[in-house]
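Working notes, beginning with the structure itself.
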Amino acid sequence: MPPIDQSSSEARRLEDAIRLIRNRRTIKPTGMSDEEIPADLLEVLLENANWAPTHGMTEPWRFKVFRGAARTRLAESLQRTYKETTPESSFRQDKFEKLGKNPLLAPVVIAVCMRRQEIEKIPEIEEIEAVACAVHNMHLTASAAGLAAFWSSPPIIYGDEIKSFLGLEEKDRCLGLFYLGFPRHDEPWPESTRRPVSEKTEWVGEQTSPGKPQIP
Ligand SMILES: Cc1cc2nc3c(=O)[nH]c(=O)nc-3n(C[C@H](O)[C@H](O)[C@H](O)COP(=O)(O)O)c2cc1C
C-alpha cells in the first residue's frame, strides 16, 4: 500500500481519526440484532486486528470465531465452567444465565487469545498489550462499519477450563470474548464520557517552538 499523501487533507484525516476514536462505543449483545455480519466485513476486522503493533514481530493475537451453532457450544462451556468453578456462596443465577444468553444474542463471538512465544523472549505483559491493540483495531473498525461490539471478560475466561475448551497451549491465554453484531434499529448509538485527560497527564518540560497548527 502506498504511503498516505502527507500534503493533502491532513486536517480532514485528523478529524476522521478524532471522530472514529471518540465515537467508538461498547454495545452489548442485548443491543444487537440477529442480522448476519457479511464474511468479507469480518475479514476486514480480522485483517485490521492483524496490523496491531507487536514487539519482536511475535504477532501473538489468535482469534477463534464462533458463529451459528458453534455459539451454543461456547455458551454451554461458559455456563458449565461458571457452575463448576464458582463456590456456591458466590454463585449468581443472573450471571449464569447471561453467560448462556450472550453468545446467542450476538451473531459472532470472537474468543481473543494470546499465543505465548516458545522462547518467552518478549515479556508476557507486552504480548498482552499487543493483543489489546489488536482488539482495539477491531473495535475501531467495527464502529467505522456501524457494528455493535463488546469486549467481555468474565473471570472464568482466564481459567484452565476455557483454555482447554479453546484448545490453547499451557502458556497461552484467553483475554476476552469479543461480541459483534449490527445494533438493533430501535437503539440510538450510545454516548459516553471520560474524565479530563489533563487529570491524567503531567507535562514535563516546555515546547521550544510553537509548531505548525494541526487542529482545524
Ligand atoms: C480489557 C477490557 C475488558 C472489558 N471487560 C468488560 C466486561 O467484562 N464487562 C463489561 O461490561 N464491560 C467490559 N469492558 C468494556 C467497558 O465496560 C467499556 O469499554 C466502558 O464501559 C467504556 O465504554 P465505551 O467502550 O463505550 O467507551 C471491557 C473493556 C476492556 C478494555
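So you can find residues: chains in the C-alpha cells are A, B, ... in the order shown, residues in each start at 1, and ligands are numbered from 1 in order.
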
Distance table requested - segment 36-108 of chain A against segment 15-31 of chain A, cut-off 6 Å, only C-alpha atoms: one row per qualifying residue with the closest atom pair and its distance in Å to one decimal, ordered by chain and rising residue number, as CSV.
residue,atom,partner,partner_atom,distance
A:Asn102,CA,A:Pro29,CA,5.8
A:Leu105,CA,A:Pro29,CA,5.4
A:Ala106,CA,A:Pro29,CA,5.3

Atoms to include: N, CA and C atoms. Write the selected residues as a short mmCIF file (atom, residue, chain, number, x, y, z; two decimals), in the first residue's frame.
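Output contents, as saved in out18.cif:
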data_model
loop_
_atom_site.label_atom_id
_atom_site.label_comp_id
_atom_site.auth_asym_id
_atom_site.auth_seq_id
_atom_site.Cartn_x
_atom_site.Cartn_y
_atom_site.Cartn_z
N ASN A 102 -25.77 -14.47 26.15
CA ASN A 102 -25.00 -13.52 25.35
C ASN A 102 -24.47 -14.09 24.02
N LEU A 105 -27.14 -14.08 21.45
CA LEU A 105 -27.70 -12.78 21.03
C LEU A 105 -26.84 -12.12 19.97
N ALA A 106 -25.54 -12.42 19.99
CA ALA A 106 -24.63 -11.83 19.01
C ALA A 106 -24.39 -12.82 17.88
#

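With a cut-off of 9 Å and using only C-alpha atoms and all ligand atoms, the polymer residues contacting ligand 1 are A:Arg22, A:Asn23, A:Arg24, A:Arg25, A:Thr26, A:Ile27, A:Lys28, A:Ala132, A:Val135, A:His136, A:His139, A:Ala149, A:Phe150, A:Trp151, A:Ser152, A:Ser153, A:Pro154, A:Pro155, A:Leu175, A:Gly176, A:Leu177, A:Pro190, A:Glu191, A:Ser192, A:Thr193, A:Arg194.
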
Residues of the last selection are to be written out with N, CA and C atoms, as a PDB file, in the first residue's frame.
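Produced file result.pdb, reproduced below:
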ATOM      1  N   ARG A  22     -13.432   8.756  19.076  1.00  0.00           N
ATOM      2  CA  ARG A  22     -14.340   9.207  20.148  1.00  0.00           C
ATOM      3  C   ARG A  22     -15.753   8.637  20.007  1.00  0.00           C
ATOM      4  N   ASN A  23     -16.110   8.183  18.821  1.00  0.00           N
ATOM      5  CA  ASN A  23     -17.445   7.571  18.653  1.00  0.00           C
ATOM      6  C   ASN A  23     -17.434   6.048  18.793  1.00  0.00           C
ATOM      7  N   ARG A  24     -16.248   5.464  18.948  1.00  0.00           N
ATOM      8  CA  ARG A  24     -16.225   4.006  19.179  1.00  0.00           C
ATOM      9  C   ARG A  24     -16.951   3.724  20.492  1.00  0.00           C
ATOM     10  N   ARG A  25     -17.896   2.820  20.460  1.00  0.00           N
ATOM     11  CA  ARG A  25     -18.677   2.561  21.678  1.00  0.00           C
ATOM     12  C   ARG A  25     -18.819   1.072  21.902  1.00  0.00           C
ATOM     13  N   THR A  26     -18.974   0.757  23.162  1.00  0.00           N
ATOM     14  CA  THR A  26     -19.350  -0.594  23.546  1.00  0.00           C
ATOM     15  C   THR A  26     -20.863  -0.722  23.441  1.00  0.00           C
ATOM     16  N   ILE A  27     -21.314  -1.698  22.686  1.00  0.00           N
ATOM     17  CA  ILE A  27     -22.750  -2.020  22.635  1.00  0.00           C
ATOM     18  C   ILE A  27     -22.868  -3.514  22.936  1.00  0.00           C
ATOM     19  N   LYS A  28     -23.601  -3.838  23.987  1.00  0.00           N
ATOM     20  CA  LYS A  28     -23.644  -5.225  24.465  1.00  0.00           C
ATOM     21  C   LYS A  28     -24.610  -6.073  23.629  1.00  0.00           C
ATOM     22  N   ALA A 132      -4.253  -6.506  23.071  1.00  0.00           N
ATOM     23  CA  ALA A 132      -5.227  -5.437  23.350  1.00  0.00           C
ATOM     24  C   ALA A 132      -5.262  -4.443  22.191  1.00  0.00           C
ATOM     25  N   VAL A 135      -7.312  -5.943  19.479  1.00  0.00           N
ATOM     26  CA  VAL A 135      -8.755  -5.853  19.754  1.00  0.00           C
ATOM     27  C   VAL A 135      -9.237  -4.433  19.478  1.00  0.00           C
ATOM     28  N   HIS A 136      -8.437  -3.459  19.870  1.00  0.00           N
ATOM     29  CA  HIS A 136      -8.852  -2.076  19.649  1.00  0.00           C
ATOM     30  C   HIS A 136      -8.958  -1.766  18.150  1.00  0.00           C
ATOM     31  N   HIS A 139     -12.155  -3.148  17.168  1.00  0.00           N
ATOM     32  CA  HIS A 139     -13.298  -2.387  17.703  1.00  0.00           C
ATOM     33  C   HIS A 139     -13.494  -1.080  16.925  1.00  0.00           C
ATOM     34  N   ALA A 149     -20.168  -3.673  19.169  1.00  0.00           N
ATOM     35  CA  ALA A 149     -19.108  -4.570  19.632  1.00  0.00           C
ATOM     36  C   ALA A 149     -18.930  -4.437  21.132  1.00  0.00           C
ATOM     37  N   PHE A 150     -18.533  -5.544  21.745  1.00  0.00           N
ATOM     38  CA  PHE A 150     -18.416  -5.584  23.210  1.00  0.00           C
ATOM     39  C   PHE A 150     -17.279  -6.515  23.594  1.00  0.00           C
ATOM     40  N   TRP A 151     -16.291  -5.981  24.285  1.00  0.00           N
ATOM     41  CA  TRP A 151     -15.186  -6.788  24.837  1.00  0.00           C
ATOM     42  C   TRP A 151     -15.605  -7.218  26.226  1.00  0.00           C
ATOM     43  N   SER A 152     -15.805  -8.499  26.387  1.00  0.00           N
ATOM     44  CA  SER A 152     -16.294  -9.026  27.665  1.00  0.00           C
ATOM     45  C   SER A 152     -15.198  -9.880  28.300  1.00  0.00           C
ATOM     46  N   SER A 153     -15.066  -9.754  29.608  1.00  0.00           N
ATOM     47  CA  SER A 153     -14.007 -10.519  30.289  1.00  0.00           C
ATOM     48  C   SER A 153     -14.499 -11.102  31.605  1.00  0.00           C
ATOM     49  N   PRO A 154     -15.484 -11.998  31.547  1.00  0.00           N
ATOM     50  CA  PRO A 154     -15.885 -12.651  32.801  1.00  0.00           C
ATOM     51  C   PRO A 154     -14.684 -13.425  33.352  1.00  0.00           C
ATOM     52  N   PRO A 155     -14.509 -13.430  34.687  1.00  0.00           N
ATOM     53  CA  PRO A 155     -13.306 -14.042  35.262  1.00  0.00           C
ATOM     54  C   PRO A 155     -13.032 -15.474  34.791  1.00  0.00           C
ATOM     55  N   LEU A 175      -8.057 -13.801  26.542  1.00  0.00           N
ATOM     56  CA  LEU A 175      -8.124 -12.455  27.138  1.00  0.00           C
ATOM     57  C   LEU A 175      -9.509 -11.832  27.028  1.00  0.00           C
ATOM     58  N   GLY A 176     -10.407 -12.516  26.385  1.00  0.00           N
ATOM     59  CA  GLY A 176     -11.748 -11.940  26.329  1.00  0.00           C
ATOM     60  C   GLY A 176     -12.610 -12.567  25.256  1.00  0.00           C
ATOM     61  N   LEU A 177     -13.862 -12.208  25.315  1.00  0.00           N
ATOM     62  CA  LEU A 177     -14.819 -12.593  24.273  1.00  0.00           C
ATOM     63  C   LEU A 177     -15.255 -11.305  23.616  1.00  0.00           C
ATOM     64  N   PRO A 190     -24.867   4.751  21.456  1.00  0.00           N
ATOM     65  CA  PRO A 190     -24.688   5.262  22.832  1.00  0.00           C
ATOM     66  C   PRO A 190     -23.661   6.387  22.931  1.00  0.00           C
ATOM     67  N   GLU A 191     -23.785   7.130  24.007  1.00  0.00           N
ATOM     68  CA  GLU A 191     -22.789   8.175  24.282  1.00  0.00           C
ATOM     69  C   GLU A 191     -21.983   7.750  25.491  1.00  0.00           C
ATOM     70  N   SER A 192     -20.809   8.350  25.656  1.00  0.00           N
ATOM     71  CA  SER A 192     -20.011   8.036  26.837  1.00  0.00           C
ATOM     72  C   SER A 192     -19.276   9.295  27.273  1.00  0.00           C
ATOM     73  N   THR A 193     -18.620   9.226  28.376  1.00  0.00           N
ATOM     74  CA  THR A 193     -17.839  10.378  28.845  1.00  0.00           C
ATOM     75  C   THR A 193     -16.487   9.880  29.328  1.00  0.00           C
ATOM     76  N   ARG A 194     -15.571  10.781  29.448  1.00  0.00           N
ATOM     77  CA  ARG A 194     -14.279  10.497  30.081  1.00  0.00           C
ATOM     78  C   ARG A 194     -13.946  11.675  30.981  1.00  0.00           C
TER      79      ARG A 194
END

### Query
Which of these residues is nearest to Ala52 of chain A, using only C-alpha atoms: A:Gly167, A:Pro183, A:Asn137, A:Asp172?
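With only C-alpha atoms as the atom set, the closest residue is A:Asn137.
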
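Here atom CA of Glu59 of chain A stands at a distance of 17.9 Å from atom CA of Glu170 of chain A.
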
### Query
Can you tell me, as a ChimeraX atom specification, what residues are no more than 10 Å from segment 65-68 of chain A when counting only C-alpha atoms, ignoring any on the same chain fewer than 3 positions away?
/A:36-37,42,46,62,71-74,103-104,106-112,177-179

Take the residues from that selection and put them in a file with N, CA and C atoms, as a short mmCIF file (atom, residue, chain, number, x, y, z; two decimals), in the first residue's frame.
data_model
loop_
_atom_site.label_atom_id
_atom_site.label_comp_id
_atom_site.auth_asym_id
_atom_site.auth_seq_id
_atom_site.Cartn_x
_atom_site.Cartn_y
_atom_site.Cartn_z
N GLU A 36 -26.99 -11.16 10.16
CA GLU A 36 -25.65 -11.73 9.99
C GLU A 36 -24.64 -10.66 9.56
N ILE A 37 -23.41 -10.83 9.98
CA ILE A 37 -22.34 -9.92 9.52
C ILE A 37 -21.72 -10.54 8.27
N LEU A 42 -16.18 -9.23 8.19
CA LEU A 42 -15.45 -9.88 9.30
C LEU A 42 -13.97 -10.02 8.97
N LEU A 46 -10.67 -8.65 11.04
CA LEU A 46 -9.56 -9.50 11.47
C LEU A 46 -8.24 -9.03 10.85
N ARG A 62 -4.47 -14.39 18.62
CA ARG A 62 -5.13 -15.53 17.98
C ARG A 62 -6.63 -15.36 18.18
N ARG A 71 -21.89 -21.22 18.56
CA ARG A 71 -22.12 -20.31 19.69
C ARG A 71 -22.81 -21.03 20.84
N THR A 72 -23.61 -22.02 20.51
CA THR A 72 -24.28 -22.79 21.57
C THR A 72 -23.25 -23.57 22.37
N ARG A 73 -22.28 -24.15 21.66
CA ARG A 73 -21.23 -24.91 22.37
C ARG A 73 -20.42 -23.98 23.27
N LEU A 74 -20.17 -22.76 22.78
CA LEU A 74 -19.45 -21.78 23.62
C LEU A 74 -20.28 -21.44 24.85
N PRO A 103 -23.85 -15.28 24.05
CA PRO A 103 -23.32 -15.78 22.78
C PRO A 103 -24.39 -16.04 21.72
N LEU A 104 -25.63 -16.19 22.16
CA LEU A 104 -26.70 -16.45 21.17
C LEU A 104 -27.34 -15.15 20.69
N ALA A 106 -25.54 -12.42 19.99
CA ALA A 106 -24.63 -11.83 19.01
C ALA A 106 -24.39 -12.82 17.88
N PRO A 107 -24.46 -12.38 16.62
CA PRO A 107 -24.23 -13.34 15.52
C PRO A 107 -22.80 -13.88 15.47
N VAL A 108 -21.87 -13.11 16.03
CA VAL A 108 -20.46 -13.54 16.01
C VAL A 108 -19.83 -13.28 17.39
N VAL A 109 -19.11 -14.27 17.88
CA VAL A 109 -18.34 -14.09 19.12
C VAL A 109 -16.91 -14.54 18.82
N ILE A 110 -15.98 -13.63 19.08
CA ILE A 110 -14.57 -13.98 18.83
C ILE A 110 -13.87 -14.16 20.17
N ALA A 111 -13.37 -15.36 20.41
CA ALA A 111 -12.53 -15.57 21.60
C ALA A 111 -11.15 -15.01 21.25
N VAL A 112 -10.72 -14.03 22.05
CA VAL A 112 -9.46 -13.34 21.76
C VAL A 112 -8.38 -13.96 22.65
N LEU A 177 -13.86 -12.21 25.31
CA LEU A 177 -14.82 -12.59 24.27
C LEU A 177 -15.26 -11.30 23.62
N PHE A 178 -15.11 -11.24 22.32
CA PHE A 178 -15.45 -10.02 21.59
C PHE A 178 -16.73 -10.29 20.82
N TYR A 179 -17.81 -9.69 21.29
CA TYR A 179 -19.14 -9.90 20.70
C TYR A 179 -19.36 -8.89 19.59
#

### Task
List every residue of segment 17-188 of chain A that DSSP, applied to the backbone of this structure, places in strand (DSSP E), and write the result as an MDAnalysis selection string.
chainID A and resid 61:67 108:114 148:152 173:181

### Task
Write out as a list in words each polymer residue whose atoms come within 12 Å of Glu118 of chain A, counting only C-alpha atoms; drop sequence neighbours fewer than 5 positions from it.
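What passes the distance filter is Thr58, Pro60, Pro123, Glu124, Glu169, Glu170, Lys171 and Asp172 of chain A.
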
Any chance you can output those residues with N, CA and C atoms as an mmCIF file, in the first residue's frame?
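Heads up, here's the output in result-v7.cif:
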data_model
loop_
_atom_site.group_PDB
_atom_site.id
_atom_site.type_symbol
_atom_site.label_atom_id
_atom_site.label_comp_id
_atom_site.auth_asym_id
_atom_site.auth_seq_id
_atom_site.Cartn_x
_atom_site.Cartn_y
_atom_site.Cartn_z
ATOM 1 N N THR A 58 6.187 -10.796 17.137
ATOM 2 C CA THR A 58 5.664 -12.111 17.552
ATOM 3 C C THR A 58 4.221 -12.303 17.108
ATOM 4 N N PRO A 60 1.201 -12.001 18.560
ATOM 5 C CA PRO A 60 0.683 -13.036 19.477
ATOM 6 C C PRO A 60 -0.833 -13.207 19.472
ATOM 7 N N PRO A 123 8.551 -9.943 27.148
ATOM 8 C CA PRO A 123 7.781 -10.073 28.391
ATOM 9 C C PRO A 123 6.303 -10.331 28.102
ATOM 10 N N GLU A 124 5.693 -11.159 28.931
ATOM 11 C CA GLU A 124 4.299 -11.537 28.686
ATOM 12 C C GLU A 124 3.391 -10.311 28.633
ATOM 13 N N GLU A 169 -2.603 -23.732 24.311
ATOM 14 C CA GLU A 169 -1.454 -24.350 24.970
ATOM 15 C C GLU A 169 -1.352 -23.797 26.396
ATOM 16 N N GLU A 170 -0.528 -24.469 27.197
ATOM 17 C CA GLU A 170 -0.450 -24.136 28.619
ATOM 18 C C GLU A 170 -0.152 -22.652 28.882
ATOM 19 N N LYS A 171 0.780 -22.094 28.126
ATOM 20 C CA LYS A 171 1.183 -20.708 28.423
ATOM 21 C C LYS A 171 0.387 -19.660 27.648
ATOM 22 N N ASP A 172 -0.524 -20.121 26.811
ATOM 23 C CA ASP A 172 -1.391 -19.173 26.095
ATOM 24 C C ASP A 172 -2.453 -18.669 27.062
#

#### Entry: Nearest residue to Glu35 of chain A from the set A:Leu147, A:Met57, A:Ala11, A:Ile122 (distances using only C-alpha atoms)
A:Leu147

### Task
For Leu78 of chain A, list every protein, DNA or RNA residue within 9 Å, evaluated using only C-alpha atoms, and leave out those in the same chain fewer than 4 positions away; present the list as a count of residues only.
10

### Task
List every residue of segment 101-200 of chain A that DSSP, applied to the backbone, labels as helix (DSSP H, G or I), and write the result as a PyMOL selection string.
chain A and resi 101-105+124-144+155-158+160-166+197-200

### Query
How many Å separate atom CA of Arg92 of chain A from atom CA of Ala148 of chain A?
26.6 Å

### Shell of 10 Å around Val44 of chain A, only C-alpha atoms, local chain residues under 5 positions omitted, as a list of chain:residue names
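Selected residues are A:Ala39, A:Ala49, A:Asn50, A:Met138, A:Thr141, A:Ala142.
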
Go ahead and write the selection's residues with C-alpha atoms as an mmCIF file, in the first residue's frame.
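Done, and the output landed in again.cif:
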data_model
loop_
_atom_site.group_PDB
_atom_site.id
_atom_site.type_symbol
_atom_site.label_atom_id
_atom_site.label_comp_id
_atom_site.auth_asym_id
_atom_site.auth_seq_id
_atom_site.Cartn_x
_atom_site.Cartn_y
_atom_site.Cartn_z
ATOM 1 C CA ALA A 39 -17.991 -12.612 5.870
ATOM 2 C CA ALA A 49 -6.512 -6.562 14.029
ATOM 3 C CA ASN A 50 -3.541 -8.241 12.391
ATOM 4 C CA MET A 138 -11.015 -4.487 15.522
ATOM 5 C CA THR A 141 -13.082 -0.929 12.507
ATOM 6 C CA ALA A 142 -16.376 -2.304 13.807
#

### Query
Near Met32 of chain A, counting only C-alpha atoms, which residues have an atom at most 6 Å away, once you skip same-chain residues fewer than 5 positions from it, shown as a ChimeraX atom specification?
/A:181-184

With C-alpha atoms kept, could you save the residues just selected as a CSV table (one decimal), in the first residue's frame?
chain,number,residue,atom,x,y,z
A,181,GLY,CA,-23.4,-7.7,15.6
A,182,PHE,CA,-25.4,-4.9,14.0
A,183,PRO,CA,-27.1,-2.6,16.5
A,184,ARG,CA,-30.8,-3.1,16.9

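Proximity to Asp160 of chain A was assessed for A:Glu126, A:Arg173, A:Lys200, A:Ile119 counting only C-alpha atoms; the smallest distance is recorded for A:Arg173.
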